[in-house]
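Scroll down for the structure; my scribbles are underneath it.
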Amino acid sequence: MTAPDRQDTSRTDRQVVDRLVPVWLEETERHDPDAARRARQGWRDGSLSDDAAQDLATWVTARVTDTGFNDDEGPWIHGPARITPADKECVHRWLAAQGHRV
């Protein structure tokens with residue numbers, strides 16, 4: 001991959017992360033307000049904790065809503081945001097680029 005390709009991928013990854021993090025934070029808020037508060041602060045500061053990063057990685061994996069299956073198997077699951085397998089990969093790649101183990 002050439003440098004411009006990596007830059008485009010990085011920009012795309014960040015766009016996906018920017019779209020999904022608010023959904024993740026909202027869901028986390030319903031289940032663990034303290035964890036959501038800490039994660040939101042880390043997000044605002046530009047540095048998620050390792051725990052928050054792992055939670056985000058696990059959440060996005062569990063919330064893939066567009067499975068790519070055929071209509072008989074159910075093409076997607078209704079949820080607050082459409083999350084494709086490619087979106088999951090973007091989030092995982094972005095987290096790894098931030099130095100988190102995914």
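FYI, nothing fancy with the structure tokens labels: chains A, B, ... in order, residues from 1 per chain, ligands from 1 as they appear.
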Q.
Residues within 7 Å of stretch 82-96 of chain A, please, as a ChimeraX atom specification. Count only C-alpha atoms; anything in the same chain fewer than 3 positions from it doesn't count.
A. /A:13-14,16-17,53,57,60-61,63-67,79,99-102
**Q.** All alpha helix (DSSP H) positions in stretch 30-65 of chain A, as a PyMOL selection string
**A.** chain A and resi 30-31+33-45+50-62
Those selected residues, please, written with N, CA, C and O atoms and delivered as a compact mmCIF listing (two decimals), in the first residue's frame.
# COMPACT_ATOMS: atom_id res chain seq x y z
N ARG A 30 -26.17 3.67 28.98
CA ARG A 30 -27.34 2.97 29.52
C ARG A 30 -26.95 1.82 30.45
O ARG A 30 -27.70 1.48 31.35
N HIS A 31 -25.80 1.22 30.20
CA HIS A 31 -25.40 0.03 30.96
C HIS A 31 -24.39 0.30 32.06
O HIS A 31 -24.39 -0.38 33.08
N PRO A 33 -22.87 3.94 33.36
CA PRO A 33 -22.65 5.38 33.23
C PRO A 33 -21.23 5.83 33.58
O PRO A 33 -20.69 6.73 32.92
N ASP A 34 -20.62 5.21 34.58
CA ASP A 34 -19.25 5.61 34.95
C ASP A 34 -18.26 5.27 33.84
O ASP A 34 -17.39 6.08 33.51
N ALA A 35 -18.38 4.09 33.26
CA ALA A 35 -17.50 3.69 32.16
C ALA A 35 -17.72 4.61 30.96
O ALA A 35 -16.76 5.01 30.29
N ALA A 36 -18.98 4.95 30.71
CA ALA A 36 -19.29 5.85 29.58
C ALA A 36 -18.67 7.23 29.81
O ALA A 36 -18.12 7.82 28.88
N ARG A 37 -18.78 7.73 31.03
CA ARG A 37 -18.20 9.03 31.35
C ARG A 37 -16.70 9.03 31.12
O ARG A 37 -16.15 9.94 30.49
N ARG A 38 -16.02 8.00 31.59
CA ARG A 38 -14.57 7.90 31.41
C ARG A 38 -14.20 7.78 29.93
O ARG A 38 -13.27 8.42 29.45
N ALA A 39 -14.96 6.94 29.21
CA ALA A 39 -14.68 6.74 27.78
C ALA A 39 -14.95 8.02 27.00
O ALA A 39 -14.17 8.39 26.12
N ARG A 40 -16.03 8.72 27.34
CA ARG A 40 -16.35 9.97 26.65
C ARG A 40 -15.24 11.00 26.89
O ARG A 40 -14.82 11.70 25.97
N GLN A 41 -14.76 11.08 28.11
CA GLN A 41 -13.68 12.03 28.41
C GLN A 41 -12.42 11.66 27.64
O GLN A 41 -11.75 12.52 27.07
N GLY A 42 -12.08 10.37 27.61
CA GLY A 42 -10.92 9.93 26.84
C GLY A 42 -11.08 10.24 25.36
O GLY A 42 -10.13 10.67 24.70
N TRP A 43 -12.27 10.04 24.83
CA TRP A 43 -12.55 10.34 23.42
C TRP A 43 -12.35 11.83 23.16
O TRP A 43 -11.71 12.22 22.19
N ARG A 44 -12.89 12.66 24.04
CA ARG A 44 -12.74 14.12 23.88
C ARG A 44 -11.28 14.54 23.97
O ARG A 44 -10.86 15.46 23.28
N ASP A 45 -10.53 13.87 24.84
CA ASP A 45 -9.11 14.20 25.03
C ASP A 45 -8.23 13.60 23.94
O ASP A 45 -7.03 13.86 23.90
N ASP A 50 -7.03 1.85 27.53
CA ASP A 50 -6.97 0.49 26.97
C ASP A 50 -8.29 -0.24 27.20
O ASP A 50 -8.77 -0.96 26.32
N ASP A 51 -8.88 -0.05 28.39
CA ASP A 51 -10.16 -0.71 28.68
C ASP A 51 -11.26 -0.21 27.74
O ASP A 51 -12.05 -0.99 27.22
N ALA A 52 -11.32 1.11 27.53
CA ALA A 52 -12.34 1.67 26.64
C ALA A 52 -12.12 1.21 25.21
O ALA A 52 -13.07 0.88 24.50
N ALA A 53 -10.87 1.16 24.78
CA ALA A 53 -10.56 0.70 23.42
C ALA A 53 -10.99 -0.75 23.24
O ALA A 53 -11.57 -1.11 22.21
N GLN A 54 -10.74 -1.59 24.22
CA GLN A 54 -11.15 -2.99 24.13
C GLN A 54 -12.66 -3.10 24.13
O GLN A 54 -13.23 -3.91 23.39
N ASP A 55 -13.33 -2.29 24.94
CA ASP A 55 -14.79 -2.30 24.95
C ASP A 55 -15.34 -1.89 23.59
O ASP A 55 -16.30 -2.50 23.10
N LEU A 56 -14.76 -0.86 22.98
CA LEU A 56 -15.20 -0.42 21.66
C LEU A 56 -14.99 -1.52 20.62
O LEU A 56 -15.87 -1.80 19.81
N ALA A 57 -13.83 -2.17 20.66
CA ALA A 57 -13.54 -3.25 19.71
C ALA A 57 -14.53 -4.40 19.87
O ALA A 57 -15.04 -4.93 18.87
N THR A 58 -14.83 -4.75 21.09
CA THR A 58 -15.77 -5.84 21.35
C THR A 58 -17.18 -5.43 20.93
O THR A 58 -17.91 -6.20 20.30
N TRP A 59 -17.55 -4.19 21.26
CA TRP A 59 -18.89 -3.69 20.93
C TRP A 59 -19.11 -3.71 19.42
O TRP A 59 -20.13 -4.19 18.95
N VAL A 60 -18.16 -3.17 18.66
CA VAL A 60 -18.36 -3.08 17.21
C VAL A 60 -18.42 -4.47 16.59
O VAL A 60 -19.18 -4.70 15.65
N THR A 61 -17.68 -5.41 17.14
CA THR A 61 -17.74 -6.79 16.64
C THR A 61 -19.12 -7.39 16.91
O THR A 61 -19.71 -8.02 16.03
N ALA A 62 -19.63 -7.17 18.10
CA ALA A 62 -20.93 -7.73 18.47
C ALA A 62 -22.09 -7.05 17.76
O ALA A 62 -23.17 -7.64 17.62
Q. What is the distance between atom CA of A:Val23 and atom CA of A:Pro80, in Å to one decimal?
A.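 Between these atoms lies a distance of 7.2 Å.
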